[in-house]
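Asks: My structure is in target.csv, and what it holds is CSV, N, CA and C atoms:
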chain,number,residue,atom,x,y,z
Y,1,MET,N,25.8,44.6,66.3
Y,1,MET,CA,26.8,45.4,67.0
Y,1,MET,C,27.0,44.8,68.4
Y,2,PRO,N,28.3,44.5,68.8
Y,2,PRO,CA,28.5,43.9,70.1
Y,2,PRO,C,28.2,44.9,71.2
Y,3,ALA,N,27.9,44.3,72.3
Y,3,ALA,CA,27.7,45.2,73.5
Y,3,ALA,C,29.0,45.9,73.9
Y,4,PRO,N,28.8,47.1,74.4
Y,4,PRO,CA,30.0,47.9,74.8
Y,4,PRO,C,30.7,47.2,76.0
Y,5,THR,N,32.0,47.3,76.1
Y,5,THR,CA,32.7,46.7,77.2
Y,5,THR,C,32.6,47.7,78.4
Y,6,PRO,N,32.2,47.1,79.5
Y,6,PRO,CA,32.1,48.0,80.7
Y,6,PRO,C,33.4,48.6,81.1
Y,7,LEU,N,33.4,49.8,81.6
Y,7,LEU,CA,34.6,50.4,82.1
Y,7,LEU,C,35.1,49.7,83.4
Y,8,PRO,N,36.4,49.6,83.5
Y,8,PRO,CA,36.8,49.0,84.8
Y,8,PRO,C,36.4,49.8,86.0
Y,9,THR,N,36.0,49.1,87.0
Y,9,THR,CA,35.6,49.8,88.2
Y,9,THR,C,36.7,49.8,89.3
Y,10,ARG,N,36.8,50.8,90.1
Y,10,ARG,CA,37.8,50.8,91.2
Y,10,ARG,C,37.2,50.0,92.3
Y,11,PRO,N,38.1,49.3,93.0
Y,11,PRO,CA,37.6,48.5,94.1
Y,11,PRO,C,37.1,49.5,95.2
Y,12,THR,N,36.1,49.0,96.0
Y,12,THR,CA,35.7,49.8,97.1
Y,12,THR,C,36.8,49.9,98.2
Y,13,SER,N,36.6,50.8,99.1
Y,13,SER,CA,37.7,50.9,100.1
Y,13,SER,C,37.7,49.7,101.0
Y,14,ILE,N,36.6,49.1,101.2
Y,14,ILE,CA,36.6,47.8,102.0
Y,14,ILE,C,37.3,46.7,101.3
Y,15,ALA,N,37.0,46.6,100.0
Y,15,ALA,CA,37.6,45.5,99.2
Y,15,ALA,C,39.1,45.8,99.1
Y,16,LEU,N,39.6,47.0,99.0
Y,16,LEU,CA,41.0,47.3,98.9
Y,16,LEU,C,41.6,47.0,100.3
Y,17,LEU,N,41.0,47.3,101.3
Y,17,LEU,CA,41.5,47.0,102.7
Y,17,LEU,C,41.6,45.5,102.9
Y,18,ALA,N,40.6,44.8,102.4
Y,18,ALA,CA,40.7,43.3,102.5
Y,18,ALA,C,41.9,42.7,101.7
Y,19,GLU,N,42.1,43.3,100.5
Y,19,GLU,CA,43.2,42.8,99.7
Y,19,GLU,C,44.5,43.1,100.4
Y,20,ILE,N,44.7,44.3,101.0
Y,20,ILE,CA,45.9,44.6,101.7
Y,20,ILE,C,46.1,43.7,102.9
Y,21,ALA,N,45.0,43.5,103.6
Y,21,ALA,CA,45.0,42.6,104.8
Y,21,ALA,C,45.5,41.2,104.4
Y,22,GLY,N,44.9,40.7,103.2
Y,22,GLY,CA,45.3,39.4,102.7
Y,22,GLY,C,46.8,39.3,102.4
Y,23,TRP,N,47.3,40.3,101.8
Y,23,TRP,CA,48.7,40.4,101.4
Y,23,TRP,C,49.6,40.5,102.7
Y,24,TYR,N,49.2,41.3,103.6
Y,24,TYR,CA,49.9,41.4,104.9
Y,24,TYR,C,49.9,40.0,105.6
Y,25,GLY,N,48.7,39.4,105.6
Y,25,GLY,CA,48.6,38.1,106.2
Y,25,GLY,C,49.5,37.0,105.6
Y,26,THR,N,49.6,37.0,104.3
Y,26,THR,CA,50.5,36.1,103.6
Y,26,THR,C,51.9,36.4,104.0
Y,27,LEU,N,52.4,37.6,104.0
Y,27,LEU,CA,53.7,38.0,104.4
Y,27,LEU,C,54.0,37.7,105.9
Y,28,ALA,N,53.0,37.9,106.7
Y,28,ALA,CA,53.2,37.7,108.2
Y,28,ALA,C,53.4,36.2,108.5
Y,29,ILE,N,52.6,35.3,107.9
Y,29,ILE,CA,52.7,33.9,108.1
Y,29,ILE,C,54.0,33.4,107.5
Y,30,LEU,N,54.3,33.8,106.3
Y,30,LEU,CA,55.6,33.3,105.7
Y,30,LEU,C,56.8,33.9,106.5
Y,31,GLY,N,56.7,35.1,106.9
Y,31,GLY,CA,57.8,35.7,107.7
Y,31,GLY,C,58.0,34.9,109.0
Y,32,ALA,N,56.9,34.6,109.7
Y,32,ALA,CA,57.0,33.9,111.0
Y,32,ALA,C,57.6,32.5,110.8
Y,33,TYR,N,57.2,31.9,109.7
Y,33,TYR,CA,57.7,30.5,109.4
Y,33,TYR,C,59.2,30.6,109.1
Y,34,ALA,N,59.6,31.6,108.3
Y,34,ALA,CA,61.0,31.7,107.9
Y,34,ALA,C,61.8,32.1,109.1
Y,35,LEU,N,61.4,33.0,110.0
Y,35,LEU,CA,62.1,33.4,111.2
Y,35,LEU,C,62.3,32.2,112.1
Y,36,SER,N,61.2,31.4,112.2
Y,36,SER,CA,61.3,30.2,113.1
Y,36,SER,C,62.2,29.2,112.5
Y,37,SER,N,62.1,28.9,111.2
Y,37,SER,CA,62.9,27.9,110.5
Y,37,SER,C,64.4,28.2,110.5
Y,38,PHE,N,64.8,29.5,110.5
Y,38,PHE,CA,66.2,29.8,110.5
Y,38,PHE,C,66.7,30.1,111.9
Y,39,GLY,N,65.9,29.8,112.9
Y,39,GLY,CA,66.3,29.9,114.3
Y,39,GLY,C,66.4,31.3,114.8
Y,40,ILE,N,65.8,32.3,114.2
Y,40,ILE,CA,65.8,33.7,114.6
Y,40,ILE,C,64.7,34.0,115.6
Y,41,LEU,N,63.6,33.3,115.5
Y,41,LEU,CA,62.4,33.6,116.4
Y,41,LEU,C,61.9,32.3,116.9
Y,42,PRO,N,61.9,32.0,118.2
Y,42,PRO,CA,61.4,30.7,118.7
Y,42,PRO,C,59.8,30.7,118.5
Y,43,THR,N,59.3,29.5,118.4
Y,43,THR,CA,57.9,29.4,118.2
Y,43,THR,C,57.1,29.7,119.5
Y,44,THR,N,57.8,29.8,120.6
Y,44,THR,CA,57.2,30.2,121.9
Y,44,THR,C,57.2,31.7,122.1
Y,45,ALA,N,57.8,32.5,121.2
Y,45,ALA,CA,57.8,33.9,121.3
Y,45,ALA,C,56.4,34.5,121.0
Y,46,THR,N,56.1,35.5,121.7
Y,46,THR,CA,54.8,36.2,121.5
Y,46,THR,C,54.7,36.8,120.1
Y,47,ALA,N,55.9,37.4,119.6
Y,47,ALA,CA,55.9,37.9,118.3
Y,47,ALA,C,55.5,36.9,117.2
Y,48,TYR,N,56.0,35.7,117.4
Y,48,TYR,CA,55.7,34.6,116.5
Y,48,TYR,C,54.2,34.3,116.4
Y,49,GLN,N,53.6,34.2,117.6
Y,49,GLN,CA,52.2,33.9,117.6
Y,49,GLN,C,51.4,35.1,117.2
Y,50,LEU,N,51.8,36.3,117.4
Y,50,LEU,CA,51.1,37.5,116.9
Y,50,LEU,C,51.1,37.6,115.4
Y,51,LEU,N,52.3,37.2,114.8
Y,51,LEU,CA,52.4,37.2,113.3
Y,51,LEU,C,51.4,36.1,112.8
Y,52,ASN,N,51.3,35.0,113.4
Y,52,ASN,CA,50.4,33.9,113.0
Y,52,ASN,C,49.0,34.3,113.1
Y,53,LEU,N,48.7,35.0,114.3
Y,53,LEU,CA,47.3,35.4,114.5
Y,53,LEU,C,46.8,36.5,113.5
Y,54,THR,N,47.6,37.5,113.4
Y,54,THR,CA,47.2,38.6,112.5
Y,54,THR,C,47.3,38.2,111.0
Y,55,GLY,N,48.3,37.3,110.7
Y,55,GLY,CA,48.4,36.8,109.4
Y,55,GLY,C,47.2,35.9,109.0
Y,56,GLY,N,46.8,35.0,109.9
Y,56,GLY,CA,45.7,34.2,109.7
Y,56,GLY,C,44.4,34.9,109.5
Y,57,LEU,N,44.2,36.0,110.4
Y,57,LEU,CA,43.0,36.8,110.3
Y,57,LEU,C,42.9,37.6,109.0
Y,58,GLY,N,44.1,38.1,108.5
Y,58,GLY,CA,44.1,38.9,107.3
Y,58,GLY,C,43.8,38.0,106.1
Y,59,VAL,N,44.4,36.8,106.0
Y,59,VAL,CA,44.1,35.9,104.9
Y,59,VAL,C,42.7,35.4,105.0
Y,60,ALA,N,42.2,35.1,106.2
Y,60,ALA,CA,40.8,34.6,106.4
Y,60,ALA,C,39.8,35.6,105.9
Y,61,TRP,N,40.1,36.9,106.1
Y,61,TRP,CA,39.2,38.0,105.7
Y,61,TRP,C,39.0,38.0,104.2
Y,62,VAL,N,40.1,38.0,103.5
Y,62,VAL,CA,40.1,38.1,102.0
Y,62,VAL,C,39.4,36.8,101.5
Y,63,CYS,N,39.7,35.6,102.1
Y,63,CYS,CA,39.1,34.4,101.7
Y,63,CYS,C,37.6,34.4,101.9
Y,64,TRP,N,37.2,34.9,103.0
Y,64,TRP,CA,35.7,35.0,103.3
Y,64,TRP,C,35.0,35.9,102.3
Y,65,ARG,N,35.7,37.1,101.9
Y,65,ARG,CA,35.1,38.0,101.0
Y,65,ARG,C,35.0,37.3,99.6
Y,66,LYS,N,35.9,36.5,99.3
Y,66,LYS,CA,35.9,35.8,97.9
Y,66,LYS,C,35.2,34.4,98.0
Y,67,ARG,N,34.7,34.1,99.1
Y,67,ARG,CA,34.0,32.8,99.3
Y,67,ARG,C,34.9,31.6,99.0
Y,68,THR,N,36.1,31.7,99.4
Y,68,THR,CA,37.1,30.6,99.2
Y,68,THR,C,37.1,29.8,100.6
Y,69,TRP,N,36.1,28.9,100.7
Y,69,TRP,CA,35.9,28.4,102.1
Y,69,TRP,C,36.9,27.4,102.6
Y,70,GLN,N,37.6,26.7,101.8
Y,70,GLN,CA,38.7,25.8,102.3
Y,70,GLN,C,39.8,26.6,102.9
Y,71,ALA,N,40.2,27.6,102.2
Y,71,ALA,CA,41.3,28.5,102.7
Y,71,ALA,C,40.8,29.3,103.9
Y,72,PHE,N,39.6,29.7,103.8
Y,72,PHE,CA,39.0,30.5,105.0
Y,72,PHE,C,39.1,29.7,106.3
Y,73,TRP,N,38.7,28.4,106.2
Y,73,TRP,CA,38.7,27.6,107.4
Y,73,TRP,C,40.1,27.3,107.9
Y,74,LEU,N,41.0,27.1,106.9
Y,74,LEU,CA,42.4,26.9,107.2
Y,74,LEU,C,43.0,28.0,108.0
Y,75,GLU,N,42.7,29.2,107.6
Y,75,GLU,CA,43.2,30.4,108.2
Y,75,GLU,C,42.5,30.7,109.5
Y,76,ALA,N,41.2,30.5,109.6
Y,76,ALA,CA,40.5,30.7,110.8
Y,76,ALA,C,41.0,29.8,111.9
Y,77,VAL,N,41.3,28.5,111.6
Y,77,VAL,CA,41.8,27.6,112.6
Y,77,VAL,C,43.3,28.0,112.9
Y,78,TRP,N,44.0,28.4,111.9
Y,78,TRP,CA,45.4,28.9,112.1
Y,78,TRP,C,45.4,30.0,113.2
Y,79,ALA,N,44.5,31.0,113.0
Y,79,ALA,CA,44.4,32.1,113.9
Y,79,ALA,C,44.0,31.6,115.3
Y,80,THR,N,43.1,30.7,115.4
Y,80,THR,CA,42.6,30.2,116.6
Y,80,THR,C,43.7,29.5,117.4
Y,81,ILE,N,44.5,28.7,116.7
Y,81,ILE,CA,45.7,28.1,117.3
Y,81,ILE,C,46.6,29.1,117.9
Y,82,ALA,N,46.8,30.2,117.2
Y,82,ALA,CA,47.7,31.3,117.7
Y,82,ALA,C,47.1,31.9,119.0
Y,83,VAL,N,45.8,32.1,119.0
Y,83,VAL,CA,45.1,32.7,120.2
Y,83,VAL,C,45.3,31.7,121.4
Y,84,VAL,N,45.1,30.4,121.2
Y,84,VAL,CA,45.3,29.5,122.3
Y,84,VAL,C,46.7,29.5,122.8
Y,85,ALA,N,47.7,29.5,121.8
Y,85,ALA,CA,49.1,29.6,122.2
Y,85,ALA,C,49.4,30.9,123.0
Y,86,LEU,N,48.8,32.0,122.6
Y,86,LEU,CA,49.1,33.2,123.3
Y,86,LEU,C,48.5,33.2,124.7
Y,87,VAL,N,47.3,32.7,124.8
Y,87,VAL,CA,46.6,32.6,126.2
Y,87,VAL,C,47.4,31.6,127.1
Y,88,ARG,N,47.8,30.5,126.5
Y,88,ARG,CA,48.6,29.5,127.3
Y,88,ARG,C,50.0,30.2,127.8
Y,89,GLY,N,50.6,30.9,126.9
Y,89,GLY,CA,51.8,31.6,127.2
Y,89,GLY,C,51.6,32.7,128.3
Y,90,ALA,N,50.5,33.4,128.2
Y,90,ALA,CA,50.2,34.4,129.2
Y,90,ALA,C,49.9,33.8,130.6
Y,91,LEU,N,49.3,32.6,130.6
Y,91,LEU,CA,48.9,32.0,131.8
Y,91,LEU,C,50.1,31.2,132.5
Y,92,GLY,N,51.2,31.1,131.7
Y,92,GLY,CA,52.4,30.5,132.2
Y,92,GLY,C,52.4,29.0,132.1
Show the structure stored in the file as structure tokens.

Replies:
Amino acid sequence: MPAPTPLPTRPTSIALLAEIAGWYGTLAILGAYALSSFGILPTTATAYQLLNLTGGLGVAWVCWRKRTWQAFWLEAVWATIAVVALVRGALG
């Protein structure tokens, strides 16, 4: 007799939040890129850098949870670059 198939489990609230953050991050990074590429938002705009920062952090979080290290480091560096750009912009 085959072993019974386990019932599907619901993701924990943290796992669900990480998935949502990952999808937000993907949309934020793509949105920033599209807005910049079409000349709607300059790369020097605070909003552009905030989209990259929050997007990078969102995708990095889900990558860290899934142990996808190449993508995690890509997104961590992406977010770090956005932080540096924001600081440089604030300091003038």

Asks: Give me, as a PDB file with N, CA and C atoms, keeping the file's coordinate frame, the residues of stretch 15-62 of chain Y that a backbone DSSP run labels helix (DSSP H, G or I).

Replies:
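Output file result_8.pdb is given in full below:
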ATOM      1  N   ALA Y  15      37.000  46.600 100.000  1.00  0.00           N
ATOM      2  CA  ALA Y  15      37.600  45.500  99.200  1.00  0.00           C
ATOM      3  C   ALA Y  15      39.100  45.800  99.100  1.00  0.00           C
ATOM      4  N   LEU Y  16      39.600  47.000  99.000  1.00  0.00           N
ATOM      5  CA  LEU Y  16      41.000  47.300  98.900  1.00  0.00           C
ATOM      6  C   LEU Y  16      41.600  47.000 100.300  1.00  0.00           C
ATOM      7  N   LEU Y  17      41.000  47.300 101.300  1.00  0.00           N
ATOM      8  CA  LEU Y  17      41.500  47.000 102.700  1.00  0.00           C
ATOM      9  C   LEU Y  17      41.600  45.500 102.900  1.00  0.00           C
ATOM     10  N   ALA Y  18      40.600  44.800 102.400  1.00  0.00           N
ATOM     11  CA  ALA Y  18      40.700  43.300 102.500  1.00  0.00           C
ATOM     12  C   ALA Y  18      41.900  42.700 101.700  1.00  0.00           C
ATOM     13  N   GLU Y  19      42.100  43.300 100.500  1.00  0.00           N
ATOM     14  CA  GLU Y  19      43.200  42.800  99.700  1.00  0.00           C
ATOM     15  C   GLU Y  19      44.500  43.100 100.400  1.00  0.00           C
ATOM     16  N   ILE Y  20      44.700  44.300 101.000  1.00  0.00           N
ATOM     17  CA  ILE Y  20      45.900  44.600 101.700  1.00  0.00           C
ATOM     18  C   ILE Y  20      46.100  43.700 102.900  1.00  0.00           C
ATOM     19  N   ALA Y  21      45.000  43.500 103.600  1.00  0.00           N
ATOM     20  CA  ALA Y  21      45.000  42.600 104.800  1.00  0.00           C
ATOM     21  C   ALA Y  21      45.500  41.200 104.400  1.00  0.00           C
ATOM     22  N   GLY Y  22      44.900  40.700 103.200  1.00  0.00           N
ATOM     23  CA  GLY Y  22      45.300  39.400 102.700  1.00  0.00           C
ATOM     24  C   GLY Y  22      46.800  39.300 102.400  1.00  0.00           C
ATOM     25  N   TRP Y  23      47.300  40.300 101.800  1.00  0.00           N
ATOM     26  CA  TRP Y  23      48.700  40.400 101.400  1.00  0.00           C
ATOM     27  C   TRP Y  23      49.600  40.500 102.700  1.00  0.00           C
ATOM     28  N   TYR Y  24      49.200  41.300 103.600  1.00  0.00           N
ATOM     29  CA  TYR Y  24      49.900  41.400 104.900  1.00  0.00           C
ATOM     30  C   TYR Y  24      49.900  40.000 105.600  1.00  0.00           C
ATOM     31  N   GLY Y  25      48.700  39.400 105.600  1.00  0.00           N
ATOM     32  CA  GLY Y  25      48.600  38.100 106.200  1.00  0.00           C
ATOM     33  C   GLY Y  25      49.500  37.000 105.600  1.00  0.00           C
ATOM     34  N   THR Y  26      49.600  37.000 104.300  1.00  0.00           N
ATOM     35  CA  THR Y  26      50.500  36.100 103.600  1.00  0.00           C
ATOM     36  C   THR Y  26      51.900  36.400 104.000  1.00  0.00           C
ATOM     37  N   LEU Y  27      52.400  37.600 104.000  1.00  0.00           N
ATOM     38  CA  LEU Y  27      53.700  38.000 104.400  1.00  0.00           C
ATOM     39  C   LEU Y  27      54.000  37.700 105.900  1.00  0.00           C
ATOM     40  N   ALA Y  28      53.000  37.900 106.700  1.00  0.00           N
ATOM     41  CA  ALA Y  28      53.200  37.700 108.200  1.00  0.00           C
ATOM     42  C   ALA Y  28      53.400  36.200 108.500  1.00  0.00           C
ATOM     43  N   ILE Y  29      52.600  35.300 107.900  1.00  0.00           N
ATOM     44  CA  ILE Y  29      52.700  33.900 108.100  1.00  0.00           C
ATOM     45  C   ILE Y  29      54.000  33.400 107.500  1.00  0.00           C
ATOM     46  N   LEU Y  30      54.300  33.800 106.300  1.00  0.00           N
ATOM     47  CA  LEU Y  30      55.600  33.300 105.700  1.00  0.00           C
ATOM     48  C   LEU Y  30      56.800  33.900 106.500  1.00  0.00           C
ATOM     49  N   GLY Y  31      56.700  35.100 106.900  1.00  0.00           N
ATOM     50  CA  GLY Y  31      57.800  35.700 107.700  1.00  0.00           C
ATOM     51  C   GLY Y  31      58.000  34.900 109.000  1.00  0.00           C
ATOM     52  N   ALA Y  32      56.900  34.600 109.700  1.00  0.00           N
ATOM     53  CA  ALA Y  32      57.000  33.900 111.000  1.00  0.00           C
ATOM     54  C   ALA Y  32      57.600  32.500 110.800  1.00  0.00           C
ATOM     55  N   TYR Y  33      57.200  31.900 109.700  1.00  0.00           N
ATOM     56  CA  TYR Y  33      57.700  30.500 109.400  1.00  0.00           C
ATOM     57  C   TYR Y  33      59.200  30.600 109.100  1.00  0.00           C
ATOM     58  N   ALA Y  34      59.600  31.600 108.300  1.00  0.00           N
ATOM     59  CA  ALA Y  34      61.000  31.700 107.900  1.00  0.00           C
ATOM     60  C   ALA Y  34      61.800  32.100 109.100  1.00  0.00           C
ATOM     61  N   LEU Y  35      61.400  33.000 110.000  1.00  0.00           N
ATOM     62  CA  LEU Y  35      62.100  33.400 111.200  1.00  0.00           C
ATOM     63  C   LEU Y  35      62.300  32.200 112.100  1.00  0.00           C
ATOM     64  N   SER Y  36      61.200  31.400 112.200  1.00  0.00           N
ATOM     65  CA  SER Y  36      61.300  30.200 113.100  1.00  0.00           C
ATOM     66  C   SER Y  36      62.200  29.200 112.500  1.00  0.00           C
ATOM     67  N   SER Y  37      62.100  28.900 111.200  1.00  0.00           N
ATOM     68  CA  SER Y  37      62.900  27.900 110.500  1.00  0.00           C
ATOM     69  C   SER Y  37      64.400  28.200 110.500  1.00  0.00           C
ATOM     70  N   THR Y  46      56.100  35.500 121.700  1.00  0.00           N
ATOM     71  CA  THR Y  46      54.800  36.200 121.500  1.00  0.00           C
ATOM     72  C   THR Y  46      54.700  36.800 120.100  1.00  0.00           C
ATOM     73  N   ALA Y  47      55.900  37.400 119.600  1.00  0.00           N
ATOM     74  CA  ALA Y  47      55.900  37.900 118.300  1.00  0.00           C
ATOM     75  C   ALA Y  47      55.500  36.900 117.200  1.00  0.00           C
ATOM     76  N   TYR Y  48      56.000  35.700 117.400  1.00  0.00           N
ATOM     77  CA  TYR Y  48      55.700  34.600 116.500  1.00  0.00           C
ATOM     78  C   TYR Y  48      54.200  34.300 116.400  1.00  0.00           C
ATOM     79  N   GLN Y  49      53.600  34.200 117.600  1.00  0.00           N
ATOM     80  CA  GLN Y  49      52.200  33.900 117.600  1.00  0.00           C
ATOM     81  C   GLN Y  49      51.400  35.100 117.200  1.00  0.00           C
ATOM     82  N   LEU Y  50      51.800  36.300 117.400  1.00  0.00           N
ATOM     83  CA  LEU Y  50      51.100  37.500 116.900  1.00  0.00           C
ATOM     84  C   LEU Y  50      51.100  37.600 115.400  1.00  0.00           C
ATOM     85  N   LEU Y  51      52.300  37.200 114.800  1.00  0.00           N
ATOM     86  CA  LEU Y  51      52.400  37.200 113.300  1.00  0.00           C
ATOM     87  C   LEU Y  51      51.400  36.100 112.800  1.00  0.00           C
ATOM     88  N   ASN Y  52      51.300  35.000 113.400  1.00  0.00           N
ATOM     89  CA  ASN Y  52      50.400  33.900 113.000  1.00  0.00           C
ATOM     90  C   ASN Y  52      49.000  34.300 113.100  1.00  0.00           C
ATOM     91  N   LEU Y  53      48.700  35.000 114.300  1.00  0.00           N
ATOM     92  CA  LEU Y  53      47.300  35.400 114.500  1.00  0.00           C
ATOM     93  C   LEU Y  53      46.800  36.500 113.500  1.00  0.00           C
ATOM     94  N   THR Y  54      47.600  37.500 113.400  1.00  0.00           N
ATOM     95  CA  THR Y  54      47.200  38.600 112.500  1.00  0.00           C
ATOM     96  C   THR Y  54      47.300  38.200 111.000  1.00  0.00           C
ATOM     97  N   GLY Y  55      48.300  37.300 110.700  1.00  0.00           N
ATOM     98  CA  GLY Y  55      48.400  36.800 109.400  1.00  0.00           C
ATOM     99  C   GLY Y  55      47.200  35.900 109.000  1.00  0.00           C
ATOM    100  N   GLY Y  56      46.800  35.000 109.900  1.00  0.00           N
ATOM    101  CA  GLY Y  56      45.700  34.200 109.700  1.00  0.00           C
ATOM    102  C   GLY Y  56      44.400  34.900 109.500  1.00  0.00           C
ATOM    103  N   LEU Y  57      44.200  36.000 110.400  1.00  0.00           N
ATOM    104  CA  LEU Y  57      43.000  36.800 110.300  1.00  0.00           C
ATOM    105  C   LEU Y  57      42.900  37.600 109.000  1.00  0.00           C
ATOM    106  N   GLY Y  58      44.100  38.100 108.500  1.00  0.00           N
ATOM    107  CA  GLY Y  58      44.100  38.900 107.300  1.00  0.00           C
ATOM    108  C   GLY Y  58      43.800  38.000 106.100  1.00  0.00           C
ATOM    109  N   VAL Y  59      44.400  36.800 106.000  1.00  0.00           N
ATOM    110  CA  VAL Y  59      44.100  35.900 104.900  1.00  0.00           C
ATOM    111  C   VAL Y  59      42.700  35.400 105.000  1.00  0.00           C
ATOM    112  N   ALA Y  60      42.200  35.100 106.200  1.00  0.00           N
ATOM    113  CA  ALA Y  60      40.800  34.600 106.400  1.00  0.00           C
ATOM    114  C   ALA Y  60      39.800  35.600 105.900  1.00  0.00           C
ATOM    115  N   TRP Y  61      40.100  36.900 106.100  1.00  0.00           N
ATOM    116  CA  TRP Y  61      39.200  38.000 105.700  1.00  0.00           C
ATOM    117  C   TRP Y  61      39.000  38.000 104.200  1.00  0.00           C
ATOM    118  N   VAL Y  62      40.100  38.000 103.500  1.00  0.00           N
ATOM    119  CA  VAL Y  62      40.100  38.100 102.000  1.00  0.00           C
ATOM    120  C   VAL Y  62      39.400  36.800 101.500  1.00  0.00           C
TER     121      VAL Y  62
END

Asks: So how many Å separate atom CA of Y:Leu51 and atom CA of Y:Ile29, to one decimal?

Replies: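 According to the coordinates, atom CA of Y:Leu51 and atom CA of Y:Ile29 are separated by 6.2 Å.
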
Asks: So the first atom is atom CA of Y:Trp69 and the second is atom C of Y:Ala85; what is the distance between them in Å, to one decimal place?

Replies: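 A separation of 25.0 Å between them.
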
Asks: State, in Å with one decimal place, the distance from atom C of Y:Val62 to atom C of Y:Leu27.

Replies: 15.3 Å

Asks: Taking only residues of stretch 11-47 of chain Y that have an atom at most 12 Å from an atom of stretch 78-82 of chain Y, what is each one's shortest atom pair and its distance in Å to one decimal, using only C-alpha atoms, in chain and number order, as a Markdown table?

Replies:
| residue | atom | partner | partner_atom | distance |
| --- | --- | --- | --- | --- |
| Y:Gly25 | CA | Y:Ala79 | CA | 10.6 |
| Y:Ala28 | CA | Y:Ala79 | CA | 11.9 |
| Y:Ile29 | CA | Y:Trp78 | CA | 9.7 |
| Y:Ala32 | CA | Y:Ala82 | CA | 11.8 |
| Y:Thr43 | CA | Y:Ala82 | CA | 10.4 |
| Y:Thr44 | CA | Y:Ala82 | CA | 10.4 |
| Y:Ala45 | CA | Y:Ala82 | CA | 11.0 |
| Y:Thr46 | CA | Y:Ala82 | CA | 9.4 |
| Y:Ala47 | CA | Y:Ala82 | CA | 10.5 |

Asks: Y:Phe72: which residues within 12 Å, counting only C-alpha atoms, same-chain residues fewer than 2 positions away excluded, as a list in words?

Replies: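 Once the adjacent positions are removed, what remains is Gly22, Gly56, Leu57, Gly58, Val59, Ala60, Trp61, Val62, Cys63, Trp64, Arg65, Lys66, Arg67, Thr68, Trp69, Gln70, Leu74, Glu75, Ala76, Val77, Trp78 and Ala79 of chain Y.
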
Asks: Which is closer to Y:Tyr48 than all the others in Y:Thr5, Y:Leu86, Y:Ala71, Y:Thr26, using only C-alpha atoms?

Replies: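 For Y:Tyr48, the nearest of the candidates is Y:Leu86.
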
Asks: Could you get me a file of stretch 38-49 of chain Y with N, CA and C atoms, as a PDB file, in the first residue's frame, taken from the block above?

Replies:
ATOM      1  N   PHE Y  38      11.832  55.096 -20.350  1.00  0.00           N
ATOM      2  CA  PHE Y  38      10.899  55.871 -21.156  1.00  0.00           C
ATOM      3  C   PHE Y  38      10.957  57.369 -20.846  1.00  0.00           C
ATOM      4  N   GLY Y  39      11.949  57.777 -20.065  1.00  0.00           N
ATOM      5  CA  GLY Y  39      12.158  59.189 -19.784  1.00  0.00           C
ATOM      6  C   GLY Y  39      11.153  59.812 -18.850  1.00  0.00           C
ATOM      7  N   ILE Y  40      10.439  59.004 -18.104  1.00  0.00           N
ATOM      8  CA  ILE Y  40       9.419  59.514 -17.183  1.00  0.00           C
ATOM      9  C   ILE Y  40      10.032  59.876 -15.832  1.00  0.00           C
ATOM     10  N   LEU Y  41      11.024  59.120 -15.404  1.00  0.00           N
ATOM     11  CA  LEU Y  41      11.638  59.316 -14.094  1.00  0.00           C
ATOM     12  C   LEU Y  41      13.151  59.299 -14.264  1.00  0.00           C
ATOM     13  N   PRO Y  42      13.825  60.409 -13.933  1.00  0.00           N
ATOM     14  CA  PRO Y  42      15.285  60.413 -14.079  1.00  0.00           C
ATOM     15  C   PRO Y  42      15.942  59.521 -13.023  1.00  0.00           C
ATOM     16  N   THR Y  43      17.091  58.990 -13.368  1.00  0.00           N
ATOM     17  CA  THR Y  43      17.798  58.111 -12.433  1.00  0.00           C
ATOM     18  C   THR Y  43      18.308  58.863 -11.217  1.00  0.00           C
ATOM     19  N   THR Y  44      18.325  60.169 -11.275  1.00  0.00           N
ATOM     20  CA  THR Y  44      18.745  60.973 -10.124  1.00  0.00           C
ATOM     21  C   THR Y  44      17.596  61.238  -9.156  1.00  0.00           C
ATOM     22  N   ALA Y  45      16.383  60.857  -9.520  1.00  0.00           N
ATOM     23  CA  ALA Y  45      15.214  61.107  -8.662  1.00  0.00           C
ATOM     24  C   ALA Y  45      15.239  60.200  -7.433  1.00  0.00           C
ATOM     25  N   THR Y  46      14.849  60.765  -6.319  1.00  0.00           N
ATOM     26  CA  THR Y  46      14.764  59.997  -5.077  1.00  0.00           C
ATOM     27  C   THR Y  46      13.811  58.817  -5.234  1.00  0.00           C
ATOM     28  N   ALA Y  47      12.688  59.037  -5.904  1.00  0.00           N
ATOM     29  CA  ALA Y  47      11.713  57.952  -6.102  1.00  0.00           C
ATOM     30  C   ALA Y  47      12.340  56.775  -6.846  1.00  0.00           C
ATOM     31  N   TYR Y  48      13.168  57.067  -7.836  1.00  0.00           N
ATOM     32  CA  TYR Y  48      13.843  56.007  -8.596  1.00  0.00           C
ATOM     33  C   TYR Y  48      14.734  55.174  -7.674  1.00  0.00           C
ATOM     34  N   GLN Y  49      15.516  55.845  -6.856  1.00  0.00           N
ATOM     35  CA  GLN Y  49      16.422  55.128  -5.955  1.00  0.00           C
ATOM     36  C   GLN Y  49      15.656  54.388  -4.859  1.00  0.00           C
TER      37      GLN Y  49
END
